[in-house]
Every structure is written in structure tokens, then in C-alpha cells.
Amino acid sequence: MEYLWEGIKEAIRLIISVDHEVCRTVLLSLRISLTATALASFVGIPLGFLISTHEFPLKRPTITFFNTLLSLPTVVVGLFLYSLLSRQGPLGPLSLLFTPPAMVIGQFILATPIIVALTISAIQVMDPRVKWTAMTLGAGPVRTALTVFAESRFALIGAVIAGFGRVIAEVGAAMMVGGNIKGYTRIMTTAIALETSKGEFAFALSLGFILLAVAFSVNILFHYFQAKRG
Amino acid sequence: MRIKTMGKGILIVLLLLLLSAPAILAEERLRLSTTTSTENSGLLDVLLPPFEKQFNVKVDVISVGSGKAVKLGENGDVDVVLVHERELEDKFVADGYGVNRRDVMHNDFVIIGPNADPAGIGKAKTAAEAFKLIAHKRAPFVSRGDQSGTHSKELSLWVKARVRPSGRWYIETGMGMGEVLIMAHEKGAYTLTDKGTYLAFQKEGKINLPILFEGDPTLFNPYGIIAVNPARQPHVNYILAMALIGWVTSQEGQRIIADFGKGKYGVPLFYPDAIKSPR
């Protein structure tokens with residue numbers, strides 16, 4: 001209980017004093033997670049859309065595949081990526097290991113399945129009359145697709161929010177391929193893990209509160225887009 | 001289909017931006033993998049900045065257990081390693097992964113435990129005897145269990161004590177030194193720890209467990225620094241790695257090590273070995 005109270009006090013103090021180190025860590029967290037979420041959305045939403053609107057062999061197994069990836073442990077993604085990016089791995093010459101781009105790739109792998117899976121269910125539960133109406137009104141395939149997108153906007157932004165939520169909170173992959181390097185690849189979650197290991201519980205908790213506050217602000221932003229009438 | 005192509009285009013643009021934009025990538029970087037004790041104690045925060053300034057380089061510190069730190073060196077993912085596990089270090093050099101190993105500093109391992117000392121290890125003559133007493137009493141003992149330097153020291157002591165630790169009293173965690181200290185404190189258990197991390201936790205009131213056994217020569221804890229062999233990993237920054245080794249073992253570097261912690265804890269956390277009494 002004492003740690004909780006101290007953590008809240010420390011969080012308020014850090015926010016008011018605009019602590020340089022904490023600010024840098026928060027900004028890096030945001031930069032990495034937002035980039036990864038954006039990339040995952042650009043790939044995941046069209047992919048989910050294509051999967052749910054087309055009939056093809058192995059459609060059910062494909063959907064099951066993406067649903068299974070939702071339970072991928074972050075450390076496993078980190079290990080997988082490490083084995084690719086290490087000097088011993090096939091992508092070693094790119095020198096990406098222990099850099100922010102490596103962390104973006106890791107988070108991209110984590111966020112994409114969520115966005116694909118949620119896009120599929122968003123399109124599937126939609127009233128098929130939207131598509132038919134658009135088509136009978138003379139819309140081409142692209143216009144029809146855009147209409148369907150617009151109508152399922154609420155659920156699609158929900159998918160993006162879920163993807164962002166997973167990556168801003170993950171620590172396993174970021175630790176493994178980022179290396180938690182101070183001032184370079186240290187983000188909020190890896191900093192919290194480090195401070196916990198140093199026994200700085202109150203400080204670690206305060207970072208947790210700040211992370212929550214940041215996630216809250218980002219979600220408000222998302223909500224604004226969600227609520228806006230297209 | 002057009003949507004997908006558009007997505008791809010944006011993706012490529014974003015990736016390019018990501019890879020090219022940050023100016024931090026332009027600066028020269030040296031990668032050092034090390035144990036948690038050197039970074040968590042705060043030593044590197046005072047030892048590295050003068051080097052970074054002098055050589056206009058940024059040292060990326062990746063702090064993990066000694067086992068993993070050496071592994072990163074073997075894979076060529078770092079340029080230089082600073083660890084405390086002599087056997088592993090010698091093997092690393094003998095196998096041709098590392099070159100130019102230098103002694104840097106040492107401190108001691110100590111055995112800590114509850115005030116009451118139920119196993120009576122305060123009267124033990126050797127560290128192995130202390131371990132035997134703990135096992136005999138089946139008093140709770142927290143083990144790192146993470147292939148770190150401290151863990152392998154602990155395992156070697158169990159071998160010396162002719163005990164194969166198992167059972168409910170033997171708590172194998174797989175966590176770092178700090179977590180293990182706190183767990184020992186919460187459970188009133190014994191554990192083996194390096195003195196540096198212990199002092200930092202004890203003096204700041206994070207734990208309250210006395211040192212019950214220390215001073216045995218087997219508890220000596222030496223740290224070595226090794227450059228990754230450029231013949232094996234041509235991409236490593238060998239020149240800067242050697243410059244760092246030179247700095248850490250220089251008069252000035254060794255003096256920083258000798259003075260570190262004196263003000264805060266009253267005693268130094270590490271003792272320089274490259275130059276015994278740097279001025």
C-alpha cells in the first residue's frame with residue numbers, strides 16, 4: 001500500500017517537473033508503438049478486409065491462424081526476431097539488432113494479427129445490405145470497399161486501439177531486440193522492468209502510472225476519430 | 001487491390017523515414033554487454049561518460065546475466081564484454097571468440113540471511129561448510145538460477161559442499177540479483193550475493209539482512225573485460241573496443257573504480273585490479 005501511495009506521489013512530481021529522462025522514455029515509447037501500430041494497420045486492415053470479403057480455399061484455417069497468433073507470447077516474438085537479426089542470423093548484416101527499428105518490427109509482428117483478426121470480425125458482422133446497396137447504387141469495387149470501411153469505422157478503430165494497447169504494454173520483445181539501452185532503446189515498459197529489478201518499486205510504479213496516463217491520452221484521441229461522423 | 005498497393009507505398013515511405021531520420025544513428029556507437037551488477041550499481045554511469053567524451057562515441061550498454069553477455073559476444077552482437085565468470089571468460093578466449101582479456105576489478109561474494117541465523121553459518125570456517133549447514137537445516141535459500149556469474153559461483157559452492165540442493169527449501173528463481181535480494185528479505189531466506197549490489201540494497205533500506213559469512217578466498221569475485229575477436233566477427237568495432245579496454249584499465253579509469261561508492265556507502269563497491277593503487 002505504501003508503494004502505491006509513494007508511486008502516485010512520485011508520478012505527479014515527475015509529470016509536474018517534466019523530468020527530462022522520463023520525457024525521453026515516454027516519447028520513445030510513443031514513437032515506437034505508434035509507428036508499429038500505424039504500419040500494422042496499413043497491412044492488417046486491408047488484409048483482414050480481403051480475407052473476409054473473398055472466398056478462397058483454406059479461408060477458415062487462415063482465420064484460425066490469425067486468431068492463434070493473438071496468443072503469441074511477446075518473448076517468443078523477441079527470440080524469433082533476435083535469431084533473424086543477430087549477426088549469426090540471415091538479416092545480421094542490416095545491423096538492426098538493439099536499435100529502435102528492431103523494436104518497431106517486433107511490435108509490428110505483435111499488433112498485426114490483432115488488427116487482422118478484429119478487422120475480419122468487424123466486416124463479418126456488418127449488415128451485408130451495406131455492400132449490396134452500394135453496388136446497386138452503381139459503386140465500383142473500390143467505392144464499395146470504401147463504403148464498407150466507412151460503415152465499419154467504429155469497429156476498425158477499435159481494432160487499431162487493441163493493437164496499440166498490446167504493443168504499448170509489451171515488454172518481452174522490446175527487451176530482447178532493443179536491449180534496454182539507456183537513452184537509445186529504453187522505453188517505458190523496459191524501464192519499469194529495470195527499476196523493479198533494482199528494487200525501486202515506488203519509482204517503477206510511478207512510471208506505470210505515467211504509462212497509463214499516456215495510453216489514456218492516446219485513447220481519447222482515437223475515440224475522437226471513432227465518434228466523428230464520416 | 002488498389003488499397004493494398006497504397007498501403008504498401010505508405011509502408012515503404014514510413015520505413016525509409018524510420019531508417020534515415022534519427023540523427024542518433026549517425027553517431028559512432030560501441031556495444032558493451034555486461035552483467036547487471038555493473039550497471040545496476042551505477043558504476044558505468046560514472047566510468048563511461050569521460051570515455052564517451054574523449055572518443056566522441058556513444059557506448060550502448062546491454063546489461064544481462066554473464067552467461068547471456070558472453071553469448072552476445074559469441075554471436076558478434078556486441079563489440080566488447082565486461083563480466084565476472086572466469087571459467088566462461090577463459091573458454092570464450094580459448095574458443096577464439098574473444099581476445100585481449102584484462103583484469104578490471106574485483107569485489108566479494110557474501111552469504112546473507114536472517115538475523116537469527118537458524119543454520120548457524122556464522123560459525124562456519126569455509127563457504128562450502130556454510131552451504132552444507134544451510135542444506136542440513138533445510139533453511140530456505142534463494143538461488144538466482146539464471147546462468148549468471150553469481151549463479152555459477154553458487155553452483156560451484158554446492159559441489160564443494162557435496163550437496164545436491166533440491167526440495168522446498170531451495171528456491172530457484174531465474175531472476176536478477178535485485179529481485180533475489182528482495183525475495184530473500186521477504187521470505188527470511190539465505191542467499192549468495194555480490195557485495196556491491198548487497199550494500200546498495202542494504203544501505204538504502206530496501207532489505208534488512210545481515211552478512212553472515214564472508215572472507216573465504218573462494219568468494220573472490222573478479223571482473224574481466226574482453227574484446228570480441230575481429231578475425232571471427234569482422235564487423236565489430238575492434239579499435240574502439242580496445243580503446244575502452246585501455247580506458248577502463250588506465251590510471252584514471254581505475255581511480256574512478258576505486259573511489260566509486262565511497263561517498264554513498266562508506267566503503268568502495270569494487271577494488272581495481274589492473275592498477276592496484278591508482279593515484
# chains A, B, ... in the order shown; residues from 1 in each chain; ligands from 1
$ interface_residues --of "chain B" --to "chain A" --cutoff "6 Å" --atoms "only C-alpha atoms" --output "short mmCIF file (atom, residue, chain, number, x, y, z; two decimals) with C-alpha atoms, in the first residue's frame"
data_model
loop_
_atom_site.label_atom_id
_atom_site.label_comp_id
_atom_site.auth_asym_id
_atom_site.auth_seq_id
_atom_site.Cartn_x
_atom_site.Cartn_y
_atom_site.Cartn_z
CA GLY B 7 -0.79 0.65 -48.10
CA ASP B 60 25.41 1.14 -25.71
CA VAL B 61 25.23 -0.85 -22.50
CA ILE B 62 23.29 -4.09 -22.67
CA ASN B 75 27.22 -14.16 -31.76
CA GLY B 76 29.04 -10.95 -32.65
CA ASP B 77 26.14 -8.80 -31.47
CA GLY B 178 17.93 -7.32 -7.02
CA GLU B 179 14.80 -9.48 -7.22
#
$ residues_around --residues "Glu52 of chain B" --least-positions-apart "5" --cutoff "12 Å" --atoms "only C-alpha atoms" --output "VMD selection string"
chain B and resid 27 to 30 44 to 47 57 to 60 240 to 241 243 to 244 247 to 248
$ residues_around --residues "Pro268 of chain B" --least-positions-apart "3" --cutoff "12 Å" --atoms "only C-alpha atoms" --output "list in words"
Ser41, Leu43, Met105, His106, Asn107, Asp108, Lys195, Gly196, Thr197, Leu199, Ala200, Arg255, Ile256, Ile257, Ala258, Asp259, Phe260, Gly261, Lys262, Gly263, Lys264, Tyr265, Tyr271 and Pro272 of chain B
$ select_by_dssp --residues "segment 93-214 of chain A" --states "helix (DSSP H, G or I)" --output "VMD selection string"
chain A and resid 93 to 94 100 to 124 128 to 136 141 to 151 153 to 169 172 to 178 188 to 197 201 to 214
$ atom_distance --atom1 "atom CA of Leu84 of chain A" --atom2 "atom CA of Pro230 of chain B"
21.4 Å
$ closest_residue --among "A:Ile12, A:Leu156, A:Ala193, A:Ala204" --to "Ile114 of chain A" --atoms "only C-alpha atoms"
A:Leu156
$ closest_residue --among "B:Thr218, B:Gln202, B:Asn208, B:Thr34" --to "His84 of chain B" --atoms "only C-alpha atoms"
B:Thr34
$ atom_distance --atom1 "atom CA of Trp158 of chain B" --atom2 "atom CA of Glu172 of chain B"
13.7 Å
$ residues_around --residues "Thr74 of chain A" --least-positions-apart "3" --cutoff "6 Å" --atoms "only C-alpha atoms" --output "list in words"
Val77, Gly172 and Ala173 of chain A
$ closest_residue --among "B:Thr126, B:Ser166, B:Ser277, B:Gln254" --to "Pro140 of chain B" --atoms "only C-alpha atoms"
B:Ser166
$ residues_around --residues "segment 111-114 of chain B" --least-positions-apart "5" --cutoff "12 Å" --atoms "only C-alpha atoms" --output "count of residues only"
51
$ residues_around --residues "Thr133 of chain A" --least-positions-apart "5" --cutoff "10 Å" --atoms "only C-alpha atoms" --output "list in words"
Pro128, Gly138, Ala139, Thr144 and Thr147 of chain A
$ closest_residue --among "A:Leu110, A:Leu212, A:Phe66, A:Leu94" --to "His235 of chain B" --atoms "only C-alpha atoms"
A:Leu94
